[in-house]
file upload25.cif (mmCIF, C-alpha atoms)
data_run
#
loop_
_atom_site.label_atom_id
_atom_site.label_comp_id
_atom_site.auth_asym_id
_atom_site.auth_seq_id
_atom_site.Cartn_x
_atom_site.Cartn_y
_atom_site.Cartn_z
CA MET R 1 78.48 -22.34 46.52
CA LYS R 2 76.32 -25.32 47.33
CA ARG R 3 73.60 -22.83 48.25
CA ILE R 4 73.56 -21.39 44.73
CA VAL R 5 73.24 -24.84 43.25
CA ILE R 6 70.41 -25.67 45.63
CA LEU R 7 68.75 -22.34 44.80
CA PHE R 8 69.06 -23.08 41.13
CA ALA R 9 67.79 -26.62 41.58
CA THR R 10 64.84 -25.55 43.73
CA SER R 11 63.85 -22.76 41.34
CA PHE R 12 64.01 -25.45 38.73
CA LEU R 13 61.72 -27.69 40.78
CA PHE R 14 59.44 -24.76 41.50
CA LEU R 15 59.18 -24.03 37.80
CA ALA R 16 58.56 -27.71 37.22
CA ALA R 17 55.50 -27.64 39.41
CA ASN R 18 54.10 -24.75 37.44
CA GLY R 19 53.93 -26.22 33.99
CA GLN R 20 55.96 -26.60 30.85
CA LYS R 21 59.57 -25.67 31.18
CA PHE R 22 62.50 -25.74 28.82
CA MET R 23 66.15 -26.03 29.58
CA THR R 24 69.67 -26.36 28.26
CA LYS R 25 73.10 -26.98 29.74
CA ASN R 26 74.89 -26.17 26.49
CA GLY R 27 73.93 -22.56 25.91
CA TYR R 28 76.27 -19.84 24.72
CA ILE R 29 77.21 -16.51 26.27
CA GLY R 30 80.01 -14.49 24.79
CA PHE R 31 81.29 -10.99 25.20
CA PHE R 32 83.18 -8.79 22.86
CA SER R 33 85.33 -5.77 23.51
CA HIS R 34 86.49 -3.62 20.66
CA THR R 35 89.03 -0.83 20.98
CA PRO R 36 91.53 0.58 18.48
CA MET R 37 94.21 -1.19 20.55
CA GLU R 38 92.79 -4.73 20.40
CA ASP R 39 89.71 -6.90 20.14
CA ILE R 40 88.96 -9.27 22.99
CA LYS R 41 86.43 -12.04 22.80
CA GLY R 42 85.41 -14.49 25.51
CA ASP R 43 83.14 -17.47 24.82
CA ASN R 44 81.27 -19.74 27.19
CA ASN R 45 79.50 -22.77 25.73
CA GLN R 46 78.45 -24.27 29.06
CA VAL R 47 75.55 -22.02 29.97
CA ALA R 48 72.78 -23.60 32.02
CA ALA R 49 69.37 -22.01 31.48
CA VAL R 50 65.78 -22.77 32.45
CA LEU R 51 62.73 -21.07 30.91
CA ASP R 52 59.26 -21.44 32.31
CA ILE R 53 56.43 -20.94 29.85
CA PRO R 54 53.34 -19.95 31.78
CA THR R 55 55.19 -17.38 33.89
CA GLY R 56 57.93 -16.20 31.50
CA GLU R 57 60.51 -16.65 34.24
CA MET R 58 64.07 -17.63 33.44
CA VAL R 59 67.30 -18.46 35.21
CA PHE R 60 70.75 -18.47 33.59
CA GLN R 61 73.92 -19.62 35.28
CA VAL R 62 77.54 -19.85 34.17
CA LEU R 63 80.93 -20.69 35.60
CA ILE R 64 83.33 -17.79 35.07
CA LYS R 65 86.20 -20.24 34.50
CA SER R 66 84.32 -21.68 31.52
CA PHE R 67 84.95 -18.49 29.49
CA HIS R 68 87.46 -19.26 26.81
CA PHE R 69 89.79 -16.77 25.13
CA GLU R 70 92.00 -16.94 22.10
CA LYS R 71 95.11 -16.22 24.14
CA ALA R 72 96.00 -18.01 27.36
CA LEU R 73 97.17 -14.77 29.00
CA MET R 74 93.82 -13.06 28.38
CA GLU R 75 92.07 -15.95 30.08
CA GLU R 76 94.42 -15.70 33.03
CA HIS R 77 93.93 -11.94 33.41
CA PHE R 78 90.17 -12.29 33.05
CA ASN R 79 90.01 -14.89 35.83
CA GLU R 80 92.65 -13.61 38.20
CA ASN R 81 92.67 -9.82 37.86
CA TYR R 82 89.18 -8.88 36.73
CA MET R 83 86.56 -11.48 37.65
CA GLU R 84 88.46 -13.00 40.62
CA SER R 85 86.89 -16.30 39.70
CA ASP R 86 88.42 -18.19 42.64
CA LYS R 87 86.41 -15.94 44.98
CA PHE R 88 83.35 -15.51 42.75
CA PRO R 89 83.16 -18.61 40.54
CA LYS R 90 79.61 -18.22 39.24
CA SER R 91 77.38 -15.65 37.61
CA THR R 92 73.58 -15.84 37.66
CA PHE R 93 70.75 -14.04 35.93
CA ARG R 94 67.15 -14.42 37.10
CA GLY R 95 64.56 -12.56 35.13
CA LYS R 96 61.14 -12.44 33.60
CA ILE R 97 59.65 -11.65 30.19
CA THR R 98 57.71 -8.41 30.61
CA ASN R 99 55.65 -8.67 27.40
CA LEU R 100 54.69 -12.32 27.74
CA SER R 101 51.31 -11.86 26.05
CA SER R 102 52.99 -11.01 22.73
CA VAL R 103 54.51 -14.51 22.50
CA ASP R 104 52.33 -17.36 21.23
CA PHE R 105 54.13 -20.47 22.45
CA SER R 106 51.77 -22.70 20.49
CA LYS R 107 52.69 -21.13 17.15
CA PRO R 108 56.17 -21.54 15.61
CA GLY R 109 57.79 -18.21 14.87
CA LYS R 110 60.09 -15.47 16.16
CA TYR R 111 58.89 -13.11 18.84
CA ASP R 112 60.53 -9.99 20.23
CA VAL R 113 60.70 -9.92 23.99
CA THR R 114 61.95 -7.69 26.77
CA VAL R 115 63.43 -9.39 29.81
CA GLU R 116 63.97 -7.71 33.16
CA GLY R 117 65.86 -9.17 36.04
CA ASP R 118 68.88 -9.34 38.30
CA LEU R 119 72.33 -10.03 36.94
CA ASN R 120 74.82 -11.15 39.56
CA MET R 121 78.52 -11.36 38.90
CA HIS R 122 81.71 -10.53 40.78
CA ASP R 123 79.51 -10.40 43.91
CA VAL R 124 77.50 -7.41 42.60
CA THR R 125 73.83 -7.61 41.60
CA ASN R 126 72.33 -5.11 39.16
CA LYS R 127 68.87 -4.83 37.66
CA ILE R 128 69.04 -5.02 33.90
CA SER R 129 66.47 -4.85 31.14
CA VAL R 130 67.39 -6.35 27.80
CA LYS R 131 65.74 -6.96 24.46
CA GLY R 132 65.88 -10.31 22.76
CA THR R 133 63.98 -12.81 20.68
CA ILE R 134 62.31 -16.09 21.44
CA GLU R 135 61.82 -18.49 18.59
CA VAL R 136 59.25 -21.21 18.97
CA VAL R 137 60.46 -24.21 16.97
CA GLN R 138 59.45 -27.83 16.61
CA GLY R 139 60.38 -29.57 19.86
CA GLY R 140 61.96 -26.61 21.59
CA LEU R 141 62.61 -22.95 22.15
CA ASN R 142 65.51 -20.86 20.91
CA ALA R 143 66.32 -17.58 22.56
CA SER R 144 68.87 -14.91 21.85
CA SER R 145 69.83 -11.48 23.02
CA LYS R 146 72.52 -8.86 22.60
CA PHE R 147 73.11 -6.16 25.20
CA ASN R 148 75.85 -4.07 26.72
CA ILE R 149 77.32 -4.05 30.18
CA VAL R 150 79.83 -1.75 31.84
CA PRO R 151 82.55 -3.61 33.81
CA GLU R 152 82.72 -0.86 36.44
CA ASP R 153 79.02 -1.44 37.29
CA TYR R 154 80.14 -4.81 38.67
CA LYS R 155 83.12 -3.38 40.57
CA ILE R 156 85.51 -4.90 38.06
CA ALA R 157 88.62 -2.79 38.40
CA ILE R 158 90.62 -2.33 35.23
CA PRO R 159 94.02 -0.70 35.78
CA GLY R 160 94.68 2.61 34.03
CA VAL R 161 97.52 1.26 31.88
CA VAL R 162 95.26 -1.24 30.11
CA ARG R 163 91.97 0.71 30.39
CA ASP R 164 92.27 1.82 26.75
CA ASN R 165 92.60 -1.82 25.64
CA ILE R 166 89.20 -2.78 27.03
CA ALA R 167 85.95 -1.24 25.80
CA LYS R 168 83.89 0.88 28.21
CA ASN R 169 80.84 -1.06 27.08
CA LEU R 170 81.15 -4.80 26.54
CA GLU R 171 78.78 -6.36 24.06
CA VAL R 172 77.23 -9.52 25.45
CA THR R 173 75.66 -12.12 23.17
CA VAL R 174 73.38 -14.88 24.45
CA THR R 175 72.07 -17.79 22.36
CA ILE R 176 70.38 -20.82 23.78
CA LYS R 177 68.52 -23.77 22.32
CA CYS R 178 66.25 -25.30 24.93
CA ALA R 179 64.51 -28.62 24.92
CA PRO R 180 61.38 -29.38 26.92
CA VAL R 181 62.04 -30.99 30.27
CA GLU R 182 60.17 -34.23 30.70
CA SER R 183 58.68 -34.64 34.11
CA LYS R 184 59.92 -37.74 35.83
CA MET H 1 134.39 4.58 24.09
CA LYS H 2 135.80 2.46 26.83
CA THR H 3 135.48 -1.26 26.38
CA TYR H 4 133.58 -1.85 29.60
CA ILE H 5 130.92 0.71 28.59
CA LYS H 6 130.52 -1.08 25.27
CA ILE H 7 130.10 -4.39 27.05
CA LEU H 8 127.65 -2.85 29.51
CA LEU H 9 125.62 -1.34 26.65
CA GLY H 10 125.66 -4.66 24.86
CA VAL H 11 124.41 -6.48 27.95
CA VAL H 12 121.66 -3.90 28.56
CA LEU H 13 120.56 -4.09 24.92
CA PHE H 14 120.54 -7.88 25.06
CA ILE H 15 118.42 -7.92 28.24
CA ALA H 16 115.99 -5.40 26.75
CA LEU H 17 115.63 -7.44 23.54
CA ALA H 18 115.23 -10.68 25.48
CA GLY H 19 112.55 -8.98 27.60
CA ILE H 20 110.62 -7.90 24.52
CA VAL H 21 110.86 -11.34 22.94
CA VAL H 22 109.75 -13.08 26.16
CA GLY H 23 106.94 -10.51 26.60
CA ILE H 24 105.62 -11.07 23.09
CA HIS H 25 105.94 -14.80 23.55
CA PHE H 26 103.85 -14.76 26.74
CA PHE H 27 101.31 -12.35 25.26
CA ARG H 28 100.76 -14.50 22.19
CA MET H 29 101.12 -17.83 23.93
CA PRO H 30 98.34 -20.18 22.86
CA HIS H 31 96.56 -22.50 25.24
CA LYS H 32 98.29 -25.67 26.37
CA ASP H 33 97.97 -28.47 23.85
CA LEU H 34 96.21 -31.03 25.97
CA GLY H 35 96.88 -33.68 23.34
CA LYS H 36 100.46 -33.69 24.59
CA ALA H 37 100.09 -32.56 28.20
CA LYS H 38 100.50 -35.00 31.06
CA PRO H 39 97.32 -35.27 33.13
CA ASP H 40 97.40 -34.24 36.82
CA PHE H 41 94.70 -36.80 37.63
CA ILE H 42 93.25 -39.85 35.92
CA ILE H 43 89.72 -40.51 37.14
CA THR H 44 86.40 -41.93 35.94
CA ALA H 45 83.54 -39.52 35.17
CA VAL H 46 81.46 -41.27 37.83
CA ASP H 47 84.07 -40.68 40.56
CA LEU H 48 84.72 -37.09 39.46
CA GLN H 49 81.04 -36.11 39.56
CA LYS H 50 80.66 -37.85 42.92
CA ALA H 51 83.63 -35.93 44.35
CA PHE H 52 81.93 -32.61 43.46
CA GLU H 53 78.51 -33.80 44.63
CA ASP H 54 79.91 -34.95 48.00
CA ASN H 55 82.12 -31.97 48.77
CA GLU H 56 82.23 -29.20 46.21
CA ASN H 57 84.81 -27.08 48.01
CA ALA H 58 87.27 -29.94 48.44
CA ALA H 59 86.80 -31.10 44.85
CA THR H 60 87.20 -27.53 43.57
CA ALA H 61 90.49 -27.15 45.44
CA LYS H 62 91.72 -30.49 44.14
CA TYR H 63 90.58 -30.54 40.51
CA VAL H 64 89.76 -27.06 39.18
CA LYS H 65 92.28 -25.71 36.62
CA LYS H 66 94.00 -29.09 36.65
CA ILE H 67 94.38 -31.34 33.64
CA LEU H 68 92.16 -34.38 34.07
CA GLU H 69 91.93 -37.51 32.03
CA ILE H 70 88.46 -38.91 32.48
CA GLU H 71 86.90 -42.13 31.30
CA GLY H 72 83.21 -42.84 30.93
CA GLU H 73 80.16 -43.50 28.79
CA VAL H 74 78.92 -40.89 26.30
CA GLU H 75 75.46 -39.67 27.24
CA SER H 76 74.80 -37.05 24.56
CA VAL H 77 76.61 -35.14 21.81
CA LYS H 78 75.66 -31.53 20.99
CA THR H 79 77.05 -28.89 18.70
CA GLY H 80 76.41 -25.32 19.75
CA GLU H 81 77.43 -21.82 18.76
CA ALA H 82 80.12 -21.76 16.02
CA ASN H 83 79.91 -25.59 15.90
CA VAL H 84 81.54 -25.99 19.28
CA LEU H 85 81.23 -29.60 20.39
CA ASN H 86 79.84 -30.44 23.83
CA VAL H 87 79.82 -34.08 24.93
CA SER H 88 78.14 -35.20 28.16
CA ILE H 89 79.69 -38.14 29.95
CA LYS H 90 77.45 -40.15 32.25
CA SER H 91 77.86 -40.01 36.00
CA GLY H 92 76.08 -41.99 38.67
CA SER H 93 73.42 -39.26 38.90
CA ASP H 94 70.39 -38.75 36.63
CA LEU H 95 70.46 -34.97 36.89
CA SER H 96 74.14 -34.31 36.60
CA SER H 97 76.95 -35.42 34.28
CA VAL H 98 80.41 -34.34 33.17
CA ILE H 99 80.13 -31.91 30.24
CA CYS H 100 83.21 -31.67 28.04
CA THR H 101 83.64 -28.78 25.62
CA PHE H 102 86.12 -29.76 22.92
CA VAL H 103 88.76 -27.74 21.12
CA PRO H 104 87.62 -26.34 17.73
CA ALA H 105 87.42 -28.70 14.76
CA THR H 106 86.88 -31.86 16.83
CA ASP H 107 84.82 -34.27 14.75
CA PRO H 108 81.46 -35.00 16.43
CA ALA H 109 81.23 -38.26 14.45
CA LYS H 110 83.90 -39.72 16.77
CA PHE H 111 81.34 -39.80 19.58
CA THR H 112 78.31 -42.00 19.75
CA SER H 113 75.88 -42.14 22.58
CA GLY H 114 76.63 -45.21 24.73
CA SER H 115 80.24 -45.67 23.66
CA ARG H 116 83.10 -45.42 26.16
CA VAL H 117 85.65 -42.66 25.75
CA THR H 118 88.72 -41.24 27.44
CA VAL H 119 88.95 -37.46 27.36
CA ARG H 120 91.66 -35.09 28.51
CA GLY H 121 90.67 -31.56 29.49
CA GLU H 122 90.87 -28.77 32.01
CA CYS H 123 88.32 -28.81 34.81
CA SER H 124 86.45 -25.50 35.23
CA GLY H 125 84.31 -26.49 38.21
CA PHE H 126 80.78 -27.52 39.06
CA LEU H 127 77.51 -25.89 38.03
CA MET H 128 74.79 -28.52 37.76
CA ASP H 129 77.36 -30.74 36.10
CA VAL H 130 81.13 -30.97 36.28
CA LEU H 131 82.42 -28.76 33.46
CA MET H 132 85.55 -29.49 31.44
CA ASN H 133 87.08 -27.20 28.80
CA ASN H 134 89.77 -27.30 26.13
CA CYS H 135 89.11 -31.05 25.78
CA VAL H 136 90.72 -33.54 23.42
CA LEU H 137 89.71 -37.11 22.73
CA VAL H 138 92.37 -39.56 23.91
CA LYS H 139 90.54 -42.70 22.81
#
call {"tool": "encode", "arguments": {"input": "upload25.cif", "output": "structure tokens"}}
result
Amino acid sequence: MKRIVILFATSFLFLAANGQKFMTKNGYIGFFSHTPMEDIKGDNNQVAAVLDIPTGEMVFQVLIKSFHFEKALMEEHFNENYMESDKFPKSTFRGKITNLSSVDFSKPGKYDVTVEGDLNMHDVTNKISVKGTIEVVQGGLNASSKFNIVPEDYKIAIPGVVRDNIAKNLEVTVTIKCAPVESK
Amino acid sequence: MKTYIKILLGVVLFIALAGIVVGIHFFRMPHKDLGKAKPDFIITAVDLQKAFEDNENAATAKYVKKILEIEGEVESVKTGEANVLNVSIKSGSDLSSVICTFVPATDPAKFTSGSRVTVRGECSGFLMDVLMNNCVLVK
């Protein structure tokens, strides 16, 4: 686990050497599952993210145990049966904006972006490509995205008896508000 | 019908009903109210962050999913998605702190940067900071 932290910290330092970067440790990632049987929502408000401006690179990292559910039992099942968060406590996304030239970081406004990269969770890494927006605001950057993931793509086994209670496609929402990192 | 069959049926019915009630209870059970729960550990934010920094595996085994009561100095107060309150508590490190996410409807005005607080919450582990969830303000 230390290695992941070091990796994250060094990518952070690497980005630092390259120019202006923005970060947050209070970002939000949530997922939503809707089926006729029940709705399940998990929220994580402790997302760490770093965005590098000149390169369009970004790193997101979360602790699986920081996902919060309305019911205690859902949280327990999520951690113990599905995500096995004792074995795989973290999830990381490293990606890059593919249409960087369409964002003017010097001009406040909302820009549509496409981000491609590797999403790692439950010890499985998949390439994903998602659409989102970057909003250039006074003193920071806001970013958001909504996309779908399939639990089975990450070898998350959902037993047959409850398979109908969990959507085949989970809707993931990401919102972050980043502040510029001052170089020390 | 023989009496013992009646009794047996009654017992079976009672067990079945009890099972359903207990099942529903567990299914709908809310999270622990940490305002009332007894902490497993009482520790300063500085010592907690240091424990994870020094040996993450040992600290994870000791503190994660436990109820901690931590004391320290407020570094920053942020409200995020759906007005969720995140308060960072200072550690001995410049890059890392203890981030506490509070239960809904906690008043951010109770926290000012630089003041000392005692917070009870559940430890989720270490990312770049020690992360605490389901937190309540003790004082």
call {"tool": "resolve_selection", "arguments": {"input": "upload25.cif", "expression": "the PyMOL selection byres ((chain H and resi 136) around 10)", "output": "number ranges by chain"}}
result
H: 33-36, 69, 100-104, 106, 118-122, 133-135, 137-139
call {"tool": "closest_residue", "arguments": {"input": "upload25.cif", "among": "H:Ser91, H:Asn55, H:Thr44, H:Thr112", "to": "chain R", "atoms": "all atoms listed in the file"}}
result
H:Asn55
call {"tool": "atom_distance", "arguments": {"input": "upload25.cif", "atom1": "CA of Ala59 in chain H", "atom2": "CA of His77 in chain R"}}
result
23.4 Å
call {"tool": "residues_around", "arguments": {"input": "upload25.cif", "residues": "range 137-142 of chain R", "least_positions_apart": "4", "cutoff": "10 Å", "atoms": "all atoms listed in the file", "output": "list in words"}}
result
Lys21, Phe22, Met23, Thr24, Gly27, Leu51, Phe105, Ser106, Lys107, Pro108, Gly109, Lys110, Thr133, Thr175, Ile176, Lys177, Cys178, Ala179, Pro180 and Val181 of chain R
call {"tool": "atom_distance", "arguments": {"input": "upload25.cif", "atom1": "CA of Val87 in chain H", "atom2": "CA of Ala37 in chain H"}}
result
20.6 Å
call {"tool": "interface_residues", "arguments": {"input": "upload25.cif", "of": "chain R", "to": "chain H", "cutoff": "10 Å", "atoms": "all atoms listed in the file", "output": "PyMOL selection string"}}
result
chain R and resi 1-2+4-6+8-9+25-30+43-48+61-75+86+89-90+174-177
call {"tool": "atom_distance", "arguments": {"input": "upload25.cif", "atom1": "CA of Val113 in chain R", "atom2": "CA of Val130 in chain R"}}
result
8.5 Å
call {"tool": "resolve_selection", "arguments": {"input": "upload25.cif", "expression": "the PyMOL selection byres ((chain R and resi 168-171) around 9)", "output": "PDB file with C-alpha atoms, in the coordinates of the input"}}
result
ATOM      1  CA  GLY R  30      80.010 -14.490  24.790  1.00  0.00           C
ATOM      2  CA  PHE R  31      81.290 -10.990  25.200  1.00  0.00           C
ATOM      3  CA  PHE R  32      83.180  -8.790  22.860  1.00  0.00           C
ATOM      4  CA  SER R  33      85.330  -5.770  23.510  1.00  0.00           C
ATOM      5  CA  HIS R  34      86.490  -3.620  20.660  1.00  0.00           C
ATOM      6  CA  LYS R 146      72.520  -8.860  22.600  1.00  0.00           C
ATOM      7  CA  PHE R 147      73.110  -6.160  25.200  1.00  0.00           C
ATOM      8  CA  ASN R 148      75.850  -4.070  26.720  1.00  0.00           C
ATOM      9  CA  ILE R 149      77.320  -4.050  30.180  1.00  0.00           C
ATOM     10  CA  VAL R 150      79.830  -1.750  31.840  1.00  0.00           C
ATOM     11  CA  PRO R 151      82.550  -3.610  33.810  1.00  0.00           C
ATOM     12  CA  GLU R 152      82.720  -0.860  36.440  1.00  0.00           C
ATOM     13  CA  ARG R 163      91.970   0.710  30.390  1.00  0.00           C
ATOM     14  CA  ASP R 164      92.270   1.820  26.750  1.00  0.00           C
ATOM     15  CA  ILE R 166      89.200  -2.780  27.030  1.00  0.00           C
ATOM     16  CA  ALA R 167      85.950  -1.240  25.800  1.00  0.00           C
ATOM     17  CA  VAL R 172      77.230  -9.520  25.450  1.00  0.00           C
ATOM     18  CA  THR R 173      75.660 -12.120  23.170  1.00  0.00           C
TER      19      THR R 173
END
call {"tool": "build_atoms", "arguments": {"input": "upload25.cif", "residues": "range 4-28 of chain H", "atoms": "N, CA, C and O atoms", "output": "short mmCIF file (atom, residue, chain, number, x, y, z; two decimals), in the frame of the given file"}}
result
data_model
loop_
_atom_site.label_atom_id
_atom_site.label_comp_id
_atom_site.auth_asym_id
_atom_site.auth_seq_id
_atom_site.Cartn_x
_atom_site.Cartn_y
_atom_site.Cartn_z
N TYR H 4 134.59 -1.34 28.65
CA TYR H 4 133.58 -1.85 29.60
C TYR H 4 132.22 -1.20 29.37
O TYR H 4 131.18 -1.80 29.59
N ILE H 5 132.20 0.05 28.87
CA ILE H 5 130.92 0.71 28.59
C ILE H 5 130.23 0.00 27.42
O ILE H 5 129.02 -0.24 27.43
N LYS H 6 131.06 -0.34 26.42
CA LYS H 6 130.52 -1.08 25.27
C LYS H 6 129.89 -2.40 25.71
O LYS H 6 128.79 -2.74 25.29
N ILE H 7 130.61 -3.10 26.57
CA ILE H 7 130.10 -4.39 27.05
C ILE H 7 128.81 -4.18 27.82
O ILE H 7 127.81 -4.87 27.60
N LEU H 8 128.82 -3.15 28.69
CA LEU H 8 127.65 -2.85 29.51
C LEU H 8 126.46 -2.54 28.61
O LEU H 8 125.34 -3.06 28.79
N LEU H 9 126.68 -1.70 27.59
CA LEU H 9 125.62 -1.34 26.65
C LEU H 9 125.07 -2.58 25.95
O LEU H 9 123.86 -2.76 25.80
N GLY H 10 126.04 -3.42 25.54
CA GLY H 10 125.66 -4.66 24.86
C GLY H 10 124.77 -5.52 25.73
O GLY H 10 123.73 -6.01 25.29
N VAL H 11 125.17 -5.64 27.01
CA VAL H 11 124.41 -6.48 27.95
C VAL H 11 123.00 -5.90 28.15
O VAL H 11 122.00 -6.61 28.09
N VAL H 12 122.95 -4.56 28.35
CA VAL H 12 121.66 -3.90 28.56
C VAL H 12 120.74 -4.11 27.35
O VAL H 12 119.57 -4.45 27.48
N LEU H 13 121.31 -3.92 26.16
CA LEU H 13 120.56 -4.09 24.92
C LEU H 13 120.03 -5.52 24.79
O LEU H 13 118.89 -5.76 24.44
N PHE H 14 120.91 -6.47 25.14
CA PHE H 14 120.54 -7.88 25.06
C PHE H 14 119.38 -8.19 26.01
O PHE H 14 118.39 -8.82 25.62
N ILE H 15 119.47 -7.67 27.25
CA ILE H 15 118.42 -7.92 28.24
C ILE H 15 117.10 -7.30 27.76
O ILE H 15 116.04 -7.93 27.84
N ALA H 16 117.19 -6.08 27.22
CA ALA H 16 115.99 -5.40 26.75
C ALA H 16 115.33 -6.20 25.63
O ALA H 16 114.12 -6.43 25.62
N LEU H 17 116.14 -6.66 24.67
CA LEU H 17 115.63 -7.44 23.54
C LEU H 17 115.00 -8.75 24.02
O LEU H 17 113.90 -9.11 23.61
N ALA H 18 115.73 -9.41 24.93
CA ALA H 18 115.23 -10.68 25.48
C ALA H 18 113.89 -10.45 26.16
O ALA H 18 112.94 -11.23 26.01
N GLY H 19 113.80 -9.32 26.90
CA GLY H 19 112.55 -8.98 27.60
C GLY H 19 111.40 -8.83 26.62
O GLY H 19 110.31 -9.36 26.84
N ILE H 20 111.67 -8.12 25.52
CA ILE H 20 110.62 -7.90 24.52
C ILE H 20 110.19 -9.23 23.90
O ILE H 20 109.00 -9.51 23.77
N VAL H 21 111.17 -10.05 23.56
CA VAL H 21 110.86 -11.34 22.94
C VAL H 21 110.03 -12.21 23.90
O VAL H 21 109.01 -12.77 23.53
N VAL H 22 110.48 -12.27 25.17
CA VAL H 22 109.75 -13.08 26.16
C VAL H 22 108.34 -12.52 26.36
O VAL H 22 107.36 -13.26 26.41
N GLY H 23 108.24 -11.17 26.43
CA GLY H 23 106.94 -10.51 26.60
C GLY H 23 105.99 -10.87 25.48
O GLY H 23 104.85 -11.28 25.72
N ILE H 24 106.46 -10.75 24.25
CA ILE H 24 105.62 -11.07 23.09
C ILE H 24 105.23 -12.55 23.12
O ILE H 24 104.10 -12.91 22.87
N HIS H 25 106.20 -13.36 23.49
CA HIS H 25 105.94 -14.80 23.55
C HIS H 25 104.81 -15.10 24.53
O HIS H 25 103.86 -15.81 24.21
N PHE H 26 104.89 -14.50 25.73
CA PHE H 26 103.85 -14.76 26.74
C PHE H 26 102.52 -14.18 26.29
O PHE H 26 101.48 -14.80 26.47
N PHE H 27 102.55 -12.99 25.68
CA PHE H 27 101.31 -12.35 25.26
C PHE H 27 100.59 -13.18 24.20
O PHE H 27 99.38 -13.31 24.22
N ARG H 28 101.38 -13.77 23.30
CA ARG H 28 100.76 -14.50 22.19
C ARG H 28 100.63 -15.98 22.46
O ARG H 28 100.15 -16.73 21.62
#
